[in-house]
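> Structure file start15.cif (mmCIF, C-alpha atoms and all ligand atoms) right here:
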data_start
#
loop_
_atom_site.label_atom_id
_atom_site.label_comp_id
_atom_site.auth_asym_id
_atom_site.auth_seq_id
_atom_site.Cartn_x
_atom_site.Cartn_y
_atom_site.Cartn_z
CA MET A 1 27.29 10.69 110.77
CA HIS A 2 24.34 9.80 112.94
CA PRO A 3 25.60 8.94 116.44
CA GLU A 4 21.98 8.75 117.68
CA TRP A 5 21.50 5.62 115.57
CA LEU A 6 23.75 3.75 118.01
CA ALA A 7 20.89 3.87 120.52
CA GLU A 8 18.59 1.95 118.19
CA SER A 9 17.91 -1.74 118.75
CA ASP A 10 19.82 -4.42 116.87
CA GLU A 11 16.59 -5.34 115.08
CA GLN A 12 16.06 -1.77 113.86
CA LEU A 13 19.65 -1.43 112.62
CA ILE A 14 19.44 -4.75 110.80
CA ALA A 15 16.14 -3.71 109.22
CA TRP A 16 17.68 -0.44 107.95
CA VAL A 17 20.72 -2.22 106.54
CA ARG A 18 18.54 -4.80 104.80
CA SER A 19 16.37 -2.06 103.36
CA ASP A 20 19.43 -0.15 102.09
CA LEU A 21 20.92 -3.30 100.57
CA LYS A 22 17.62 -4.09 98.90
CA ASP A 23 17.55 -0.61 97.32
CA LEU A 24 21.24 -0.58 96.43
CA ILE A 25 21.86 -4.06 95.09
CA GLY A 26 18.46 -5.72 95.07
CA LEU A 27 19.34 -8.08 97.91
CA ARG A 28 16.37 -10.19 99.02
CA GLY A 29 15.78 -13.19 101.25
CA GLU A 30 16.51 -13.85 104.89
CA PRO A 31 20.11 -13.49 106.10
CA GLU A 32 21.63 -16.65 107.56
CA LEU A 33 23.65 -14.62 110.04
CA THR A 34 23.50 -11.06 111.32
CA ARG A 35 25.81 -9.45 113.84
CA VAL A 36 25.63 -5.85 115.06
CA VAL A 37 28.79 -4.13 116.30
CA ARG A 38 28.49 -0.55 117.55
CA TRP A 39 31.63 1.49 116.85
CA ASN A 40 31.22 4.43 119.25
CA ASN A 41 33.46 7.41 118.45
CA ALA A 42 35.23 5.43 115.74
CA MET A 43 35.79 8.35 113.35
CA PRO A 44 38.84 10.32 114.49
CA GLN A 45 38.75 14.12 114.40
CA TYR A 46 41.91 16.05 113.69
CA HIS A 47 43.05 18.70 116.16
CA LEU A 48 43.39 22.36 115.27
CA GLY A 49 46.66 22.86 113.38
CA HIS A 50 46.64 19.34 111.95
CA ARG A 51 47.06 20.55 108.37
CA GLN A 52 50.27 22.43 109.19
CA ILE A 53 51.67 19.38 111.00
CA ALA A 54 50.79 17.08 108.08
CA ASP A 55 52.32 19.54 105.61
CA GLN A 56 55.51 19.73 107.67
CA ILE A 57 55.77 15.93 107.90
CA GLU A 58 55.29 15.60 104.13
CA HIS A 59 57.87 18.33 103.52
CA GLU A 60 60.44 16.46 105.61
CA VAL A 61 59.59 13.08 104.08
CA ALA A 62 60.02 14.61 100.60
CA ALA A 63 63.68 15.19 101.45
CA LEU A 64 64.19 11.43 101.90
CA PRO A 65 64.21 9.71 98.49
CA GLY A 66 62.47 6.33 98.44
CA LEU A 67 60.36 7.05 101.52
CA GLU A 68 56.64 7.83 101.11
CA ILE A 69 53.78 8.01 103.55
CA ALA A 70 50.03 7.67 103.04
CA GLY A 71 46.93 7.00 105.09
CA ASN A 72 44.26 8.54 107.23
CA ALA A 73 46.65 10.47 109.47
CA LEU A 74 47.33 13.00 106.72
CA HIS A 75 44.59 14.72 104.72
CA GLY A 76 41.29 13.10 105.65
CA VAL A 77 40.03 10.02 107.46
CA GLY A 78 37.61 8.76 104.82
CA ILE A 79 38.46 6.18 102.18
CA ALA A 80 38.62 8.75 99.35
CA PRO A 81 41.44 10.92 100.80
CA VAL A 82 43.25 7.77 101.94
CA VAL A 83 43.19 6.44 98.37
CA ARG A 84 44.34 9.84 97.08
CA THR A 85 47.39 9.97 99.38
CA ALA A 86 48.21 6.35 98.51
CA ARG A 87 48.05 7.06 94.76
CA ARG A 88 50.30 10.10 95.11
CA ALA A 89 52.79 8.15 97.21
CA ALA A 90 52.82 5.24 94.75
CA GLU A 91 53.26 7.65 91.86
CA ARG A 92 56.29 9.30 93.47
CA LEU A 93 57.78 5.89 94.26
CA VAL A 94 57.60 4.60 90.68
CA ARG A 95 58.53 7.91 89.01
CA PRO A 96 62.32 7.35 88.99
CA TRP A 97 61.82 4.12 87.03
CA SER A 98 59.13 5.34 84.68
CA SER A 99 59.45 7.04 81.31
CA ASP A 100 55.86 8.28 81.72
CA PRO A 101 55.89 11.37 84.01
CA ALA A 102 52.44 10.56 85.45
CA PRO A 103 52.07 6.77 85.28
CA LEU A 104 49.07 6.48 87.59
CA GLN A 105 47.10 9.30 85.98
CA ARG A 106 46.02 7.06 83.12
CA ASP A 107 43.24 5.32 85.01
CA LYS A 108 41.99 8.53 86.61
CA SER A 109 38.43 7.45 85.86
CA THR A 110 38.66 4.86 88.65
CA ALA A 111 39.88 7.38 91.22
CA THR A 112 37.42 8.37 93.93
CA SER A 113 36.59 11.98 94.51
CA SER A 114 35.52 14.12 97.47
C1 LIG A 201 34.15 1.59 111.99
C2 LIG A 201 34.69 2.45 110.90
C3 LIG A 201 33.85 2.86 109.89
C4 LIG A 201 34.33 3.64 108.85
N1 LIG A 201 33.47 4.01 107.88
C5 LIG A 201 33.92 4.72 106.85
C6 LIG A 201 33.05 5.06 105.78
O1 LIG A 201 31.87 4.70 105.77
N2 LIG A 201 33.55 5.80 104.75
C7 LIG A 201 34.84 6.21 104.72
O2 LIG A 201 35.22 6.87 103.75
N3 LIG A 201 35.69 5.88 105.72
C8 LIG A 201 35.26 5.16 106.79
N4 LIG A 201 36.12 4.83 107.78
C9 LIG A 201 37.47 5.35 107.77
C10 LIG A 201 38.38 4.60 106.82
O3 LIG A 201 37.96 3.27 106.73
C11 LIG A 201 39.81 4.63 107.38
O4 LIG A 201 40.19 5.95 107.70
C12 LIG A 201 40.78 4.09 106.35
O5 LIG A 201 40.46 2.76 106.01
C13 LIG A 201 42.17 4.14 106.91
O6 LIG A 201 43.06 3.65 105.92
P1 LIG A 201 44.58 3.57 106.27
O7 LIG A 201 45.22 2.88 105.10
O8 LIG A 201 45.11 4.91 106.66
O9 LIG A 201 44.67 2.70 107.58
P2 LIG A 201 44.20 1.14 107.84
O10 LIG A 201 43.12 0.80 106.87
O11 LIG A 201 43.97 1.12 109.29
O12 LIG A 201 45.49 0.38 107.38
C14 LIG A 201 46.63 0.29 108.21
C15 LIG A 201 47.21 -1.08 107.99
O13 LIG A 201 48.50 -1.14 108.59
C16 LIG A 201 48.60 -2.34 109.29
N5 LIG A 201 49.60 -2.14 110.34
C17 LIG A 201 49.48 -1.43 111.47
N6 LIG A 201 50.63 -1.46 112.17
C18 LIG A 201 51.47 -2.23 111.45
C19 LIG A 201 52.81 -2.63 111.64
N7 LIG A 201 53.52 -2.25 112.71
N8 LIG A 201 53.39 -3.41 110.71
C20 LIG A 201 52.69 -3.79 109.60
N9 LIG A 201 51.41 -3.42 109.36
C21 LIG A 201 50.81 -2.66 110.28
C22 LIG A 201 47.22 -2.63 109.83
O14 LIG A 201 47.04 -4.00 110.10
C23 LIG A 201 46.36 -2.17 108.65
O15 LIG A 201 46.17 -3.21 107.71
C24 LIG A 201 35.68 4.04 108.84
C25 LIG A 201 36.53 3.62 109.86
C26 LIG A 201 36.05 2.84 110.88
C27 LIG A 201 36.98 2.36 111.97
#
Let's see the structure in the file written out as C-alpha cells.

Amino acid sequence: MHPEWLAESDEQLIAWVRSDLKDLIGLRGEPELTRVVRWNNAMPQYHLGHRQIADQIEHEVAALPGLEIAGNALHGVGIAPVVRTARRAAERLVRPWSSDPAPLQRDKSTATSS
C-alpha cells in the first residue's frame, strides 16, 4: 500500500497505470477515456482479537447445516483469502450430495495463494 500516491496528480497516476499496463500486457496507444478515483482508507484493518471472533462465528455457523459464510470479514481482506473462504464454503455445501470427499480440490491449480 502506498497512501502517499493519493497526493499525486491525476496525470501522474494515469502515466503510472499506463506504464504498468504496457509492461504487463503490452497495452499501447492513447486511451479514449481515463477517470481517476481516489479510494482513501479503502482497505479495512481488523481490530485486535478479530481472529478469535471469526473463529467463534465459524464454530457457531458449523452447527447449522446448510448455512455457510465467506468473504472479507473473516480471514483476510484481499481477493486471495476471500476466494479461499468461498471455496471452503462451497465445498462444505456440496459435500452432502457428492460421492467425492473433496470435490473442489481437483482444480487446485487455479486456486490463488497468499
Ligand atoms: C478500492 C479497493 C481496492 C482493492 N484492491 C484490492 C487489491 O488490489 N487486491 C486485493 O486482493 N484486494 C483488494 N481489495 C479488497 C477486495 O477487493 C475485497 O476485500 C473483496 O472483493 C471482498 O469480497 P467479498 O466477497 O467479501 O465482498 P464484496 O466483493 O463486497 O461482495 C459482497 C456482495 O454482496 C452484495 N450484497 C451486499 N449486501 C447485500 C444484500 N443485502 N443482499 C444481496 N447482496 C448484497 C454486494 O452487492 C456485493 O456484490 C480492494 C478493495 C477496494 C474497495
> State, in Å with one decimal place, the distance from CA of Asp10 (chain A) to CA of Pro44 (chain A).
24.2 Å
> Taking all atoms listed in the file into account, which residues are within 12 Å of ligand LIG 201 (chain A), as a count of residues only?
35
> Find the residues around Gly29 (chain A) up to 12 Å (all atoms listed in the file counted), leave out those fewer than 5 positions away in its own chain, and share them as a list in words.
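The residues that qualify are Arg18, Ser19, Leu21 and Lys22 of chain A.
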> Can you work out which one of A:Val17, A:Ala90, A:Trp5, A:Glu32 has the shortest atom-to-atom distance to Leu67 (chain A), counting all atoms listed in the file?
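For Leu67 (chain A), the nearest of the candidates is A:Ala90.
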> In Å, rounded to a single decimal, give me how far CA of Val94 (chain A) is from CA of Gln56 (chain A).
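We find that CA of Gln56 (chain A) and CA of Val94 (chain A) lie 22.8 Å from each other.
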> Go ahead and compute the interatomic distance for CA of Leu93 (chain A) and CA of His47 (chain A), in Å to one decimal.
29.3 Å
> With N, CA and C atoms as the goal, would you fill in the gaps in region 3-23 of chain A and present it as a short mmCIF file (atom, residue, chain, number, x, y, z; two decimals), in the frame of the given file?

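Everything below was put into result_5.cif:
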data_model
loop_
_atom_site.label_atom_id
_atom_site.label_comp_id
_atom_site.auth_asym_id
_atom_site.auth_seq_id
_atom_site.Cartn_x
_atom_site.Cartn_y
_atom_site.Cartn_z
N PRO A 3 25.28 9.66 115.20
CA PRO A 3 25.60 8.94 116.44
C PRO A 3 24.35 8.45 117.18
N GLU A 4 23.22 9.15 116.98
CA GLU A 4 21.98 8.75 117.68
C GLU A 4 21.50 7.37 117.22
N TRP A 5 21.92 6.93 116.05
CA TRP A 5 21.50 5.62 115.57
C TRP A 5 22.05 4.49 116.45
N LEU A 6 23.15 4.79 117.16
CA LEU A 6 23.75 3.75 118.01
C LEU A 6 22.80 3.32 119.12
N ALA A 7 21.84 4.20 119.44
CA ALA A 7 20.89 3.87 120.52
C ALA A 7 19.75 2.97 120.03
N GLU A 8 19.66 2.79 118.73
CA GLU A 8 18.59 1.95 118.19
C GLU A 8 18.84 0.47 118.50
N SER A 9 17.77 -0.30 118.47
CA SER A 9 17.91 -1.74 118.75
C SER A 9 18.65 -2.44 117.61
N ASP A 10 19.18 -3.62 117.92
CA ASP A 10 19.82 -4.42 116.87
C ASP A 10 18.84 -4.68 115.73
N GLU A 11 17.60 -5.00 116.09
CA GLU A 11 16.59 -5.34 115.08
C GLU A 11 16.35 -4.16 114.12
N GLN A 12 16.28 -2.95 114.70
CA GLN A 12 16.06 -1.77 113.86
C GLN A 12 17.24 -1.54 112.92
N LEU A 13 18.46 -1.65 113.45
CA LEU A 13 19.65 -1.43 112.62
C LEU A 13 19.71 -2.45 111.49
N ILE A 14 19.42 -3.69 111.83
CA ILE A 14 19.44 -4.75 110.80
C ILE A 14 18.38 -4.47 109.74
N ALA A 15 17.22 -4.02 110.17
CA ALA A 15 16.14 -3.71 109.22
C ALA A 15 16.58 -2.59 108.27
N TRP A 16 17.21 -1.55 108.80
CA TRP A 16 17.68 -0.44 107.95
C TRP A 16 18.73 -0.92 106.95
N VAL A 17 19.66 -1.73 107.44
CA VAL A 17 20.72 -2.22 106.54
C VAL A 17 20.11 -3.08 105.44
N ARG A 18 19.18 -3.94 105.82
CA ARG A 18 18.54 -4.80 104.80
C ARG A 18 17.78 -3.97 103.78
N SER A 19 17.12 -2.93 104.26
CA SER A 19 16.37 -2.06 103.36
C SER A 19 17.33 -1.34 102.40
N ASP A 20 18.43 -0.83 102.95
CA ASP A 20 19.43 -0.15 102.09
C ASP A 20 19.99 -1.11 101.06
N LEU A 21 20.33 -2.33 101.50
CA LEU A 21 20.92 -3.30 100.57
C LEU A 21 19.92 -3.71 99.49
N LYS A 22 18.66 -3.76 99.89
CA LYS A 22 17.62 -4.09 98.90
C LYS A 22 17.57 -3.00 97.83
N ASP A 23 17.59 -1.73 98.28
CA ASP A 23 17.55 -0.61 97.32
C ASP A 23 18.82 -0.56 96.47
#
